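Visitor: One file is attached below, input_23.txt, containing compact mmCIF, C-alpha atoms.
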```txt
# COMPACT_ATOMS: atom_id res chain seq x y z
CA MET A 1380 60.80 -76.17 -27.16
CA ARG A 1381 57.53 -74.38 -26.45
CA VAL A 1382 55.00 -74.89 -29.26
CA ALA A 1383 51.48 -73.54 -29.71
CA VAL A 1384 49.21 -75.75 -31.81
CA ILE A 1385 46.39 -73.72 -33.34
CA GLY A 1386 43.49 -76.00 -34.16
CA ALA A 1387 42.25 -78.99 -32.13
CA GLY A 1388 40.63 -81.10 -34.82
CA SER A 1389 41.89 -84.63 -35.46
CA TRP A 1390 45.19 -83.61 -37.06
CA GLY A 1391 45.91 -80.80 -34.61
CA SER A 1392 45.18 -83.13 -31.69
CA ALA A 1393 47.46 -85.84 -33.07
CA LEU A 1394 50.29 -83.36 -33.62
CA ALA A 1395 49.89 -81.93 -30.12
CA ILE A 1396 50.17 -85.45 -28.68
CA HIS A 1397 53.23 -86.18 -30.83
CA LEU A 1398 54.97 -82.93 -29.88
CA ALA A 1399 54.46 -83.66 -26.20
CA ARG A 1400 56.03 -87.10 -26.71
CA ALA A 1401 58.94 -85.38 -28.46
CA GLY A 1402 59.60 -83.39 -25.29
CA CYS A 1403 57.93 -80.12 -26.26
CA GLN A 1404 55.79 -78.00 -23.97
CA VAL A 1405 52.53 -77.75 -25.92
CA ALA A 1406 49.72 -75.19 -25.73
CA LEU A 1407 46.72 -76.27 -27.82
CA TRP A 1408 44.10 -73.78 -29.02
CA ALA A 1409 40.59 -75.09 -29.57
CA ARG A 1410 37.70 -73.11 -31.04
CA GLU A 1411 35.13 -75.22 -29.17
CA PRO A 1412 35.00 -74.68 -25.38
CA GLU A 1413 33.93 -78.30 -24.85
CA VAL A 1414 37.13 -79.50 -26.52
CA ALA A 1415 39.40 -77.45 -24.27
CA GLU A 1416 37.42 -78.44 -21.19
CA GLY A 1417 37.38 -82.11 -22.16
CA ILE A 1418 41.15 -82.21 -22.62
CA ARG A 1419 41.74 -80.42 -19.31
CA ARG A 1420 39.31 -82.63 -17.38
CA THR A 1421 39.65 -86.09 -18.98
CA ARG A 1422 42.80 -85.76 -21.17
CA ARG A 1423 40.65 -86.61 -24.21
CA ASN A 1424 39.12 -84.59 -27.04
CA PRO A 1425 35.34 -85.17 -26.88
CA LEU A 1426 34.74 -84.25 -30.54
CA PHE A 1427 37.79 -85.36 -32.54
CA LEU A 1428 40.15 -88.33 -32.20
CA ARG A 1429 38.25 -89.44 -29.10
CA GLU A 1430 40.32 -92.58 -28.58
CA ALA A 1431 43.62 -90.70 -28.06
CA GLU A 1432 44.88 -89.67 -24.63
CA PHE A 1433 46.67 -86.33 -24.26
CA PRO A 1434 49.90 -86.25 -22.24
CA ALA A 1435 50.10 -83.90 -19.27
CA ALA A 1436 52.47 -81.65 -21.25
CA VAL A 1437 49.54 -80.52 -23.45
CA GLU A 1438 47.59 -77.54 -22.10
CA ALA A 1439 44.32 -76.66 -23.86
CA ASP A 1440 42.55 -73.30 -24.05
CA THR A 1441 40.17 -71.28 -26.23
CA ASP A 1442 42.27 -68.09 -26.04
CA LEU A 1443 44.75 -67.47 -28.86
CA ALA A 1444 47.02 -65.91 -26.25
CA VAL A 1445 48.31 -69.47 -25.79
CA ALA A 1446 50.71 -68.54 -28.60
CA ARG A 1447 52.49 -65.94 -26.47
CA GLY A 1448 56.02 -67.04 -25.71
CA ALA A 1449 55.92 -69.90 -28.20
CA GLU A 1450 59.08 -70.51 -30.20
CA ALA A 1451 57.01 -72.16 -32.93
CA VAL A 1452 53.33 -72.07 -33.86
CA LEU A 1453 51.90 -75.13 -35.57
CA PHE A 1454 48.86 -73.98 -37.54
CA VAL A 1455 46.23 -76.65 -38.23
CA VAL A 1456 43.10 -74.69 -39.16
CA PRO A 1457 41.15 -75.55 -42.36
CA VAL A 1458 42.43 -73.32 -45.15
CA GLN A 1459 39.07 -71.70 -45.94
CA HIS A 1460 38.92 -70.41 -42.34
CA ALA A 1461 42.63 -69.73 -41.88
CA ARG A 1462 42.74 -66.04 -42.72
CA ALA A 1463 40.33 -64.98 -39.97
CA VAL A 1464 42.16 -67.00 -37.32
CA LEU A 1465 45.55 -65.69 -38.44
CA GLY A 1466 44.30 -62.13 -38.10
CA GLU A 1467 43.32 -62.78 -34.49
CA LEU A 1468 46.55 -64.66 -33.83
CA ARG A 1469 48.92 -61.96 -35.07
CA PRO A 1470 49.02 -59.78 -31.90
CA HIS A 1471 50.17 -62.76 -29.85
CA LEU A 1472 53.21 -63.72 -31.93
CA ALA A 1473 56.78 -62.69 -31.16
CA PRO A 1474 58.90 -61.38 -34.07
CA GLN A 1475 61.10 -64.49 -34.08
CA THR A 1476 58.30 -67.08 -33.93
CA VAL A 1477 58.38 -69.73 -36.67
CA VAL A 1478 55.00 -70.65 -38.18
CA ILE A 1479 54.60 -74.26 -39.30
CA SER A 1480 51.52 -74.86 -41.44
CA ALA A 1481 49.97 -78.33 -41.42
CA SER A 1482 46.83 -77.11 -43.25
CA LYS A 1483 46.33 -78.57 -46.73
CA GLY A 1484 44.33 -76.66 -49.30
CA ILE A 1485 43.98 -73.64 -51.57
CA GLU A 1486 41.85 -70.66 -50.60
CA VAL A 1487 38.96 -70.47 -53.05
CA ALA A 1488 38.45 -66.71 -52.83
CA THR A 1489 42.06 -65.83 -53.69
CA LEU A 1490 43.56 -69.07 -55.10
CA GLN A 1491 46.39 -68.62 -52.60
CA ARG A 1492 48.43 -71.26 -50.81
CA MET A 1493 48.94 -71.20 -47.05
CA ASP A 1494 52.42 -69.66 -47.32
CA GLU A 1495 50.90 -66.74 -49.25
CA ILE A 1496 48.01 -66.35 -46.80
CA VAL A 1497 50.35 -66.44 -43.79
CA ALA A 1498 52.67 -63.88 -45.38
CA GLU A 1499 49.77 -61.48 -45.95
CA GLU A 1500 48.03 -61.89 -42.61
CA LEU A 1501 51.09 -62.07 -40.34
CA GLY A 1502 53.59 -59.98 -42.33
CA LEU A 1503 55.84 -63.00 -42.01
CA ALA A 1504 59.27 -63.20 -43.63
CA LYS A 1505 59.49 -66.28 -45.83
CA GLU A 1506 62.37 -67.66 -43.74
CA ARG A 1507 59.99 -68.03 -40.78
CA PHE A 1508 57.42 -70.13 -42.64
CA VAL A 1509 57.55 -73.92 -42.86
CA ALA A 1510 55.05 -76.31 -44.47
CA LEU A 1511 54.49 -79.76 -42.95
CA SER A 1512 52.98 -82.40 -45.22
CA GLY A 1513 53.12 -86.10 -45.97
CA PRO A 1514 51.32 -89.45 -45.57
CA SER A 1515 50.23 -89.34 -41.95
CA PHE A 1516 46.76 -90.24 -40.68
CA ALA A 1517 45.99 -88.55 -37.39
CA GLY A 1518 44.96 -91.67 -35.52
CA GLU A 1519 48.14 -93.53 -36.37
CA VAL A 1520 50.39 -90.59 -35.45
CA ALA A 1521 48.57 -90.22 -32.14
CA ALA A 1522 49.02 -93.94 -31.50
CA GLY A 1523 52.77 -93.64 -32.12
CA LEU A 1524 52.84 -95.85 -35.22
CA PRO A 1525 55.83 -95.16 -37.55
CA ALA A 1526 55.29 -92.38 -40.10
CA ALA A 1527 57.32 -89.96 -42.20
CA ALA A 1528 56.62 -86.46 -43.48
CA VAL A 1529 58.31 -83.43 -45.03
CA LEU A 1530 59.19 -80.01 -43.65
CA ALA A 1531 59.51 -77.50 -46.50
CA GLY A 1532 60.94 -74.03 -46.00
CA HIS A 1533 63.46 -71.45 -47.18
CA ASP A 1534 66.01 -71.38 -44.37
CA ARG A 1535 68.22 -74.43 -43.84
CA ASP A 1536 68.96 -73.59 -40.20
CA VAL A 1537 65.29 -73.12 -39.33
CA LEU A 1538 64.37 -76.41 -40.98
CA ARG A 1539 67.15 -78.27 -39.20
CA TRP A 1540 66.15 -76.73 -35.86
CA ILE A 1541 62.55 -77.94 -36.22
CA GLN A 1542 63.55 -81.31 -37.64
CA GLU A 1543 65.82 -82.10 -34.69
CA ARG A 1544 63.25 -81.10 -32.08
CA VAL A 1545 60.17 -82.66 -33.62
CA SER A 1546 61.48 -85.94 -35.11
CA THR A 1547 61.16 -89.07 -32.99
CA PRO A 1548 61.73 -92.80 -33.65
CA SER A 1549 58.03 -93.01 -34.62
CA PHE A 1550 57.78 -89.82 -36.70
CA ARG A 1551 60.64 -89.16 -39.12
CA LEU A 1552 60.82 -85.73 -40.74
CA TYR A 1553 62.71 -84.92 -43.92
CA THR A 1554 63.54 -81.39 -45.08
CA ALA A 1555 62.93 -79.79 -48.46
CA PHE A 1556 63.14 -76.36 -50.06
CA ASP A 1557 60.18 -76.63 -52.43
CA VAL A 1558 57.46 -74.88 -50.42
CA VAL A 1559 55.27 -74.38 -53.49
CA GLY A 1560 55.45 -78.02 -54.53
CA VAL A 1561 54.90 -79.45 -51.05
CA GLU A 1562 51.92 -77.19 -50.40
CA LEU A 1563 50.31 -77.91 -53.77
CA ALA A 1564 50.94 -81.65 -53.50
CA GLY A 1565 49.23 -81.78 -50.11
CA ALA A 1566 46.27 -79.76 -51.36
CA LEU A 1567 45.72 -81.29 -54.78
CA LYS A 1568 45.92 -84.94 -53.70
CA ASN A 1569 42.64 -84.40 -51.84
CA VAL A 1570 40.89 -83.80 -55.17
CA ILE A 1571 42.17 -87.12 -56.51
CA ALA A 1572 41.13 -88.78 -53.24
CA ILE A 1573 37.54 -87.75 -53.95
CA ALA A 1574 37.80 -89.30 -57.42
CA ALA A 1575 39.31 -92.49 -55.97
CA GLY A 1576 36.50 -92.70 -53.44
CA MET A 1577 33.95 -92.34 -56.21
CA ALA A 1578 35.55 -95.23 -58.10
CA THR A 1579 35.24 -97.38 -54.99
CA GLY A 1580 31.67 -96.27 -54.33
CA LEU A 1581 30.73 -97.18 -57.89
CA GLY A 1582 32.27 -100.64 -57.45
CA LEU A 1583 34.61 -100.17 -60.41
CA GLY A 1584 37.44 -102.36 -59.16
CA ARG A 1585 41.19 -102.13 -58.59
CA ASN A 1586 42.09 -101.47 -62.22
CA THR A 1587 40.04 -98.29 -62.21
CA LEU A 1588 41.49 -97.18 -58.89
CA ALA A 1589 45.05 -97.68 -60.14
CA ALA A 1590 44.27 -95.63 -63.24
CA VAL A 1591 42.72 -92.82 -61.19
CA LEU A 1592 45.76 -92.63 -58.88
CA THR A 1593 48.30 -92.75 -61.69
CA ARG A 1594 46.61 -90.27 -63.98
CA GLY A 1595 45.65 -88.12 -61.02
CA LEU A 1596 49.27 -87.89 -59.91
CA HIS A 1597 50.23 -86.99 -63.47
CA GLU A 1598 47.81 -84.07 -63.67
CA ILE A 1599 48.48 -82.59 -60.23
CA THR A 1600 52.19 -82.75 -61.06
CA ARG A 1601 51.48 -80.91 -64.30
CA LEU A 1602 49.72 -78.08 -62.48
CA GLY A 1603 52.23 -78.02 -59.63
CA VAL A 1604 55.19 -77.64 -61.96
CA ARG A 1605 53.40 -74.93 -63.94
CA LEU A 1606 52.86 -72.99 -60.70
CA GLY A 1607 56.51 -73.23 -59.68
CA GLY A 1608 56.83 -76.54 -57.86
CA ARG A 1609 59.47 -79.16 -58.61
CA GLU A 1610 58.47 -82.34 -60.40
CA GLU A 1611 60.40 -84.56 -57.96
CA THR A 1612 58.34 -83.25 -55.03
CA PHE A 1613 55.25 -84.93 -56.47
CA ARG A 1614 57.09 -88.27 -56.53
CA GLY A 1615 57.95 -87.96 -52.85
CA LEU A 1616 56.22 -88.17 -49.49
CA ALA A 1617 54.11 -85.01 -49.94
CA GLY A 1618 52.97 -86.13 -53.38
CA MET A 1619 52.79 -89.83 -54.24
CA GLY A 1620 53.15 -90.91 -50.61
CA ASP A 1621 50.21 -88.87 -49.37
CA LEU A 1622 48.17 -89.70 -52.47
CA VAL A 1623 48.54 -93.46 -52.04
CA LEU A 1624 47.67 -93.28 -48.35
CA THR A 1625 44.65 -91.03 -48.82
CA CYS A 1626 43.19 -92.95 -51.74
CA SER A 1627 43.57 -96.47 -50.33
CA PRO A 1628 40.23 -98.30 -50.02
CA GLY A 1629 39.10 -98.43 -46.40
CA SER A 1630 41.28 -95.49 -45.37
CA PRO A 1631 39.74 -93.00 -42.92
CA SER A 1632 40.44 -90.06 -45.26
CA ARG A 1633 37.50 -87.67 -45.12
CA ASN A 1634 38.01 -86.76 -48.79
CA ARG A 1635 38.04 -90.39 -49.94
CA ILE A 1636 34.92 -91.11 -47.88
CA VAL A 1637 33.14 -88.11 -49.42
CA GLY A 1638 33.89 -89.50 -52.87
CA GLU A 1639 32.80 -93.00 -51.95
CA ARG A 1640 29.47 -91.80 -50.59
CA LEU A 1641 28.88 -89.68 -53.70
CA GLY A 1642 29.67 -92.74 -55.82
CA ARG A 1643 26.99 -94.66 -53.94
CA GLY A 1644 24.47 -91.97 -54.87
CA GLU A 1645 24.25 -89.85 -51.72
CA ALA A 1646 23.61 -86.10 -51.99
CA LEU A 1647 26.57 -83.78 -51.47
CA ALA A 1648 24.86 -81.79 -48.69
CA ALA A 1649 24.26 -84.96 -46.67
CA VAL A 1650 27.80 -86.18 -47.26
CA LEU A 1651 29.31 -82.92 -46.02
CA ALA A 1652 27.20 -82.74 -42.86
CA GLY A 1653 29.17 -83.10 -39.63
CA ARG A 1654 32.19 -81.51 -37.99
CA GLU A 1655 35.02 -83.08 -40.02
CA VAL A 1656 36.15 -80.91 -42.96
CA ALA A 1657 36.80 -82.32 -46.45
CA GLU A 1658 39.34 -79.81 -47.81
CA GLY A 1659 39.22 -81.49 -51.22
CA VAL A 1660 35.76 -80.09 -51.97
CA PRO A 1661 36.71 -76.38 -52.02
CA THR A 1662 40.18 -77.25 -53.33
CA THR A 1663 38.59 -78.87 -56.39
CA LYS A 1664 37.04 -75.53 -57.33
CA ALA A 1665 40.29 -73.65 -56.70
CA ALA A 1666 42.40 -76.18 -58.60
CA SER A 1667 40.06 -76.11 -61.59
CA ARG A 1668 40.24 -72.31 -61.73
CA LEU A 1669 44.03 -72.36 -61.51
CA ALA A 1670 44.26 -74.99 -64.22
CA ARG A 1671 42.11 -72.97 -66.61
CA GLN A 1672 43.98 -69.75 -65.86
CA HIS A 1673 47.31 -71.41 -66.66
CA GLY A 1674 46.15 -73.57 -69.56
CA VAL A 1675 46.74 -76.88 -67.75
CA GLU A 1676 44.67 -79.91 -68.69
CA MET A 1677 43.31 -81.72 -65.61
CA PRO A 1678 40.58 -84.13 -66.75
CA VAL A 1679 40.12 -85.96 -63.43
CA THR A 1680 39.92 -82.70 -61.50
CA PHE A 1681 37.49 -81.19 -64.01
CA VAL A 1682 35.23 -84.24 -63.76
CA VAL A 1683 35.24 -84.10 -59.95
CA GLU A 1684 34.35 -80.41 -60.21
CA ALA A 1685 31.42 -81.20 -62.52
CA ILE A 1686 30.12 -83.85 -60.12
CA LEU A 1687 30.38 -81.55 -57.09
CA ASP A 1688 28.59 -78.83 -59.08
CA GLY A 1689 25.81 -81.22 -60.06
CA ARG A 1690 26.59 -81.08 -63.78
CA LEU A 1691 27.51 -84.80 -64.01
CA ASP A 1692 26.68 -87.87 -62.03
CA PRO A 1693 29.56 -90.24 -61.18
CA ARG A 1694 28.67 -92.83 -63.82
CA GLN A 1695 28.52 -90.18 -66.55
CA ALA A 1696 31.92 -89.03 -65.36
CA VAL A 1697 33.44 -92.46 -65.98
CA VAL A 1698 32.21 -92.38 -69.58
CA ALA A 1699 33.54 -88.83 -70.02
CA LEU A 1700 37.01 -89.86 -68.87
CA MET A 1701 37.18 -93.13 -70.78
CA THR A 1702 36.08 -91.62 -74.11
CA ARG A 1703 38.52 -88.69 -74.16
CA GLU A 1704 40.86 -88.27 -77.11
CA LEU A 1705 43.57 -90.95 -77.09
CA LYS A 1706 47.01 -89.59 -76.20
CA GLU A 1707 50.59 -90.44 -75.30
CA GLU A 1708 51.04 -91.24 -71.61
CA ALA A 1709 54.16 -89.32 -70.62
CA ALA A 1710 53.55 -85.88 -72.10
CA LEU A 1711 53.32 -83.18 -69.42
```
Take the structure in this file and express it as structure tokens.
Guide:
Amino acid sequence: MRVAVIGAGSWGSALAIHLARAGCQVALWAREPEVAEGIRRTRRNPLFLREAEFPAAVEADTDLAVARGAEAVLFVVPVQHARAVLGELRPHLAPQTVVISASKGIEVATLQRMDEIVAEELGLAKERFVALSGPSFAGEVAAGLPAAAVLAGHDRDVLRWIQERVSTPSFRLYTAFDVVGVELAGALKNVIAIAAGMATGLGLGRNTLAAVLTRGLHEITRLGVRLGGREETFRGLAGMGDLVLTCSPGSPSRNRIVGERLGRGEALAAVLAGREVAEGVPTTKAASRLARQHGVEMPVTFVVEAILDGRLDPRQAVVALMTRELKEEAAL
């Protein structure tokens, strides 16, 4: 199968390496000329995932024409920049091309998910869209360590076709039909990862972290179900699985690290400096707006929003959460 991977950050690089191992012919688009040149010359990405070696089956370029002739396009561009890249990509796609989105987030300007953005920008039929999500750190996937993820779409045959060609003994893919739930789970867990990082940065201990994860999963499930997702999706790989991985102390998650540094008292601008994108920061704003529009209570998310906006410091946030009105646990 010929696949074009659009986006050569850490996750795009890892997926390109995996696809080549799976027997695919891979064309990788990089925005940065030095990335494409580095992969061509040394078989390594000089900016992201530097330790990973690219197989010969991966060709790198800065021209979106790499997508011409691809049977599938794997889109791995940060959500807040996705629309512009999709607009440039559209002329290069064949009518039958399947678009697989591995981008996790909600567009702040429109509050849209990636499936909605792709449909608008590419005029794509829903049967040709697939979302890829799950607990999978880029470095471990690139290294070939065992991992599992979910492919969510609308067409059983399309999902099965991708699953059979992309799964390997080290990367097991399951299929699902809850695109809304899988996309929201992947996006919203990044908000909770920021909160978990803050708890670690504040030195609050394992009890606090367990409470943040549990209550965080509860509230992102509440919003996800209200927006049309299925509750069971948030208990699966795209929900609880990805949440546990991302929030684990010492994990390389950019969102968790942002939270930890904020918890230690660093300024947001300094924390966000650098090339790696923390999708949870804009997603916090989008999730908070969606929650208020739909009357969904999300106390952890609202507190993270207040910290990112400078209205609370992390220690004040702990007091705000712990002194809320006492309630039953299970009520959605």
Visitor: Compare A:Arg1492, A:Lys1505, A:Arg1690, A:Arg1539 by their minimum atom-to-atom distance to Leu1606 in chain A, counting only C-alpha atoms, and give me the closest one.
Guide: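 Using only C-alpha atoms, Leu1606 in chain A sits closest to A:Arg1492.
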Visitor: Write out as JSON, numbers by chain which residues come within 7 Å of Val1509 in chain A when counting only C-alpha atoms, dropping same-chain ones fewer than 2 positions away.
Guide: {"A": [1478, 1479, 1480, 1507, 1511, 1530, 1531, 1532]}
Visitor: Can you list, as a PDB file with C-alpha atoms, in the coordinates of the input, every protein, DNA or RNA residue that comes within 8 Å of range 1657-1674 of chain A when you count all atoms listed in the file, leaving out same-chain residues fewer than 5 positions away?
Guide:
```pdb
ATOM      1  CA  PRO A1457      41.150 -75.550 -42.360  1.00  0.00           C
ATOM      2  CA  VAL A1458      42.430 -73.320 -45.150  1.00  0.00           C
ATOM      3  CA  LYS A1483      46.330 -78.570 -46.730  1.00  0.00           C
ATOM      4  CA  GLY A1484      44.330 -76.660 -49.300  1.00  0.00           C
ATOM      5  CA  ILE A1485      43.980 -73.640 -51.570  1.00  0.00           C
ATOM      6  CA  GLU A1486      41.850 -70.660 -50.600  1.00  0.00           C
ATOM      7  CA  VAL A1487      38.960 -70.470 -53.050  1.00  0.00           C
ATOM      8  CA  LEU A1490      43.560 -69.070 -55.100  1.00  0.00           C
ATOM      9  CA  ALA A1566      46.270 -79.760 -51.360  1.00  0.00           C
ATOM     10  CA  LEU A1567      45.720 -81.290 -54.780  1.00  0.00           C
ATOM     11  CA  LYS A1568      45.920 -84.940 -53.700  1.00  0.00           C
ATOM     12  CA  ASN A1569      42.640 -84.400 -51.840  1.00  0.00           C
ATOM     13  CA  VAL A1570      40.890 -83.800 -55.170  1.00  0.00           C
ATOM     14  CA  ALA A1572      41.130 -88.780 -53.240  1.00  0.00           C
ATOM     15  CA  ILE A1573      37.540 -87.750 -53.950  1.00  0.00           C
ATOM     16  CA  LEU A1602      49.720 -78.080 -62.480  1.00  0.00           C
ATOM     17  CA  ARG A1605      53.400 -74.930 -63.940  1.00  0.00           C
ATOM     18  CA  ARG A1633      37.500 -87.670 -45.120  1.00  0.00           C
ATOM     19  CA  ASN A1634      38.010 -86.760 -48.790  1.00  0.00           C
ATOM     20  CA  VAL A1637      33.140 -88.110 -49.420  1.00  0.00           C
ATOM     21  CA  LEU A1651      29.310 -82.920 -46.020  1.00  0.00           C
ATOM     22  CA  THR A1680      39.920 -82.700 -61.500  1.00  0.00           C
ATOM     23  CA  PHE A1681      37.490 -81.190 -64.010  1.00  0.00           C
ATOM     24  CA  VAL A1683      35.240 -84.100 -59.950  1.00  0.00           C
ATOM     25  CA  GLU A1684      34.350 -80.410 -60.210  1.00  0.00           C
ATOM     26  CA  LEU A1687      30.380 -81.550 -57.090  1.00  0.00           C
TER      27      LEU A1687
END
```
Visitor: Work out how far CA of Glu1676 in chain A is from CA of Arg1635 in chain A, in Å to one decimal.
Guide: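 Those two atoms sit 22.5 Å apart.
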Visitor: Restricting the calculation to only C-alpha atoms: of A:Val1675, A:Ala1696, A:Val1456, A:Val1529, which residue gets closest to Gly1565 in chain A?
Guide: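 Ranked by minimum distance to Gly1565 in chain A, first place goes to A:Val1529.
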Visitor: Have a look at A:Ala1646, A:Leu1700, A:Val1382, A:Ala1431 and name the one nearest to Ala1522 in chain A; count only C-alpha atoms.
Guide: A:Ala1431
Visitor: Starting from 5 Å padding per side, set up an axis-aligned box that covers all listed atoms of range 1567-1584 of chain A and hand over centre and edge lengths in Å, one decimal, as lines of an AutoDock Vina configuration file.
Guide:
```
center_x = 38.3
center_y = -91.8
center_z = -56.1
size_x = 25.2
size_y = 31.1
size_z = 18.6
```
Visitor: From the list A:Ser1512, A:Ser1630, A:Thr1441, A:Thr1612, which residue is nearest Ile1385 in chain A when using all atoms listed in the file?
Guide: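 Closest residue, counting all atoms listed in the file: A:Thr1441.
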Visitor: Between CA of Met1493 in chain A and CA of Gln1542 in chain A, measure the distance and give it in Å to one decimal.
Guide: 20.1 Å
Visitor: For CA of Lys1706 in chain A and CA of Arg1594 in chain A, determine how far apart the two atoms are, in Å to one decimal place.
Guide: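 Value for the CA of Lys1706 in chain A-CA of Arg1594 in chain A distance: 12.2 Å.
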Visitor: With all atoms listed in the file as the basis for distance, which of A:Ala1589, A:Ala1401, A:Leu1468, A:Val1698 is at the shortest distance from Glu1500 in chain A?
Guide: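 Of all the options, A:Leu1468 lies closest to Glu1500 in chain A.
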Visitor: Just checking: using all atoms listed in the file, which residue out of A:Arg1609, A:Pro1525, A:Tyr1553, A:Ala1488 ends up closest to His1460 in chain A?
Guide: A:Ala1488
Visitor: At a cut-off of 7 Å around the point (45.1, -91.2, -33.8) (file coordinates), what residues fall inside when counting all atoms listed in the file? I'd like the answer as a ChimeraX atom specification.
Guide: /A:1393,1428,1431,1517-1522
Visitor: How would you write as a VMD selection string the residues that get within 10 Å of (48.1, -86.6, -20.4) in the file's frame, counting only C-alpha atoms?
Guide: chain A and resid 1396 1399 1418 to 1419 1421 to 1423 1431 to 1438
Visitor: Store the residues picked out above, limited to C-alpha atoms, as an mmCIF file, keeping the file's coordinate frame.
Guide:
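Output file result.cif follows:
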```
data_model
loop_
_atom_site.group_PDB
_atom_site.id
_atom_site.type_symbol
_atom_site.label_atom_id
_atom_site.label_comp_id
_atom_site.auth_asym_id
_atom_site.auth_seq_id
_atom_site.Cartn_x
_atom_site.Cartn_y
_atom_site.Cartn_z
ATOM 1 C CA ILE A 1396 50.170 -85.450 -28.680
ATOM 2 C CA ALA A 1399 54.460 -83.660 -26.200
ATOM 3 C CA ILE A 1418 41.150 -82.210 -22.620
ATOM 4 C CA ARG A 1419 41.740 -80.420 -19.310
ATOM 5 C CA THR A 1421 39.650 -86.090 -18.980
ATOM 6 C CA ARG A 1422 42.800 -85.760 -21.170
ATOM 7 C CA ARG A 1423 40.650 -86.610 -24.210
ATOM 8 C CA ALA A 1431 43.620 -90.700 -28.060
ATOM 9 C CA GLU A 1432 44.880 -89.670 -24.630
ATOM 10 C CA PHE A 1433 46.670 -86.330 -24.260
ATOM 11 C CA PRO A 1434 49.900 -86.250 -22.240
ATOM 12 C CA ALA A 1435 50.100 -83.900 -19.270
ATOM 13 C CA ALA A 1436 52.470 -81.650 -21.250
ATOM 14 C CA VAL A 1437 49.540 -80.520 -23.450
ATOM 15 C CA GLU A 1438 47.590 -77.540 -22.100
#
```
Visitor: For range 1411-1416 of chain A, list every protein, DNA or RNA residue within 7 Å, evaluated using all atoms listed in the file, and leave out those in the same chain fewer than 6 positions away; present the list as a short mmCIF file (atom, residue, chain, number, x, y, z; two decimals) with C-alpha atoms, keeping the file's coordinate frame.
Guide:
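Written file, out30.cif:
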```
data_model
loop_
_atom_site.label_atom_id
_atom_site.label_comp_id
_atom_site.auth_asym_id
_atom_site.auth_seq_id
_atom_site.Cartn_x
_atom_site.Cartn_y
_atom_site.Cartn_z
CA ASN A 1424 39.12 -84.59 -27.04
CA PRO A 1425 35.34 -85.17 -26.88
CA LEU A 1426 34.74 -84.25 -30.54
CA ALA A 1439 44.32 -76.66 -23.86
CA ASP A 1440 42.55 -73.30 -24.05
CA THR A 1441 40.17 -71.28 -26.23
#
```
Visitor: Show which residues sit within 8 Å of Gly1618 in chain A, as a VMD selection string. Count only C-alpha atoms, and ignore same-chain residues fewer than 4 positions away.
Guide: chain A and resid 1513 1561 1564 to 1565 1568 1596 1612 to 1614 1622
Visitor: Kindly export the residues of the current selection with C-alpha atoms, as a JSON list (two decimals), in the coordinates of the input.
Guide:
```json
[["chain", "number", "residue", "atom", "x", "y", "z"],
["A", 1513, "GLY", "CA", 53.12, -86.10, -45.97],
["A", 1561, "VAL", "CA", 54.90, -79.45, -51.05],
["A", 1564, "ALA", "CA", 50.94, -81.65, -53.50],
["A", 1565, "GLY", "CA", 49.23, -81.78, -50.11],
["A", 1568, "LYS", "CA", 45.92, -84.94, -53.70],
["A", 1596, "LEU", "CA", 49.27, -87.89, -59.91],
["A", 1612, "THR", "CA", 58.34, -83.25, -55.03],
["A", 1613, "PHE", "CA", 55.25, -84.93, -56.47],
["A", 1614, "ARG", "CA", 57.09, -88.27, -56.53],
["A", 1622, "LEU", "CA", 48.17, -89.70, -52.47]]
```
Visitor: Could you give me, as a list in words, the residues within 6 Å of range 1640-1643 of chain A, counting only C-alpha atoms and dropping anything in the same chain fewer than 6 positions from it?
Guide: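 Result of the neighbour search: Met1577, Gly1580, Leu1581 and Pro1693 of chain A.
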Visitor: Kindly assemble as JSON lines a list of the range 1524-1615 of chain A residues that lie within 9 Å of range 1494-1497 of chain A, each paired with its nearest atom pair and their distance in Å to one decimal, using all atoms listed in the file, sorted first by chain and then by ascending residue number.
Guide:
```
{"residue": "A:Val1558", "atom": "CA", "partner": "A:Asp1494", "partner_atom": "CA", "distance": 7.9}
{"residue": "A:Val1559", "atom": "CA", "partner": "A:Asp1494", "partner_atom": "CA", "distance": 8.3}
{"residue": "A:Glu1562", "atom": "CA", "partner": "A:Asp1494", "partner_atom": "CA", "distance": 8.2}
```
Visitor: Kindly output range 1573-1579 of chain A as a tab-separated table (two decimals), keeping the file's coordinate frame, after building N, CA and C atoms.
Guide:
```tsv
chain	number	residue	atom	x	y	z
A	1573	ILE	N	38.98	-87.73	-53.71
A	1573	ILE	CA	37.54	-87.75	-53.95
A	1573	ILE	C	37.23	-88.63	-55.16
A	1574	ALA	N	38.01	-88.48	-56.22
A	1574	ALA	CA	37.80	-89.30	-57.42
A	1574	ALA	C	38.01	-90.78	-57.11
A	1575	ALA	N	39.04	-91.09	-56.33
A	1575	ALA	CA	39.31	-92.49	-55.97
A	1575	ALA	C	38.16	-93.06	-55.14
A	1576	GLY	N	37.64	-92.25	-54.23
A	1576	GLY	CA	36.50	-92.70	-53.44
A	1576	GLY	C	35.28	-92.97	-54.31
A	1577	MET	N	35.07	-92.12	-55.30
A	1577	MET	CA	33.95	-92.34	-56.21
A	1577	MET	C	34.09	-93.67	-56.94
A	1578	ALA	N	35.31	-93.97	-57.39
A	1578	ALA	CA	35.55	-95.23	-58.10
A	1578	ALA	C	35.20	-96.41	-57.20
A	1579	THR	N	35.57	-96.31	-55.93
A	1579	THR	CA	35.24	-97.38	-54.99
A	1579	THR	C	33.74	-97.45	-54.75
```
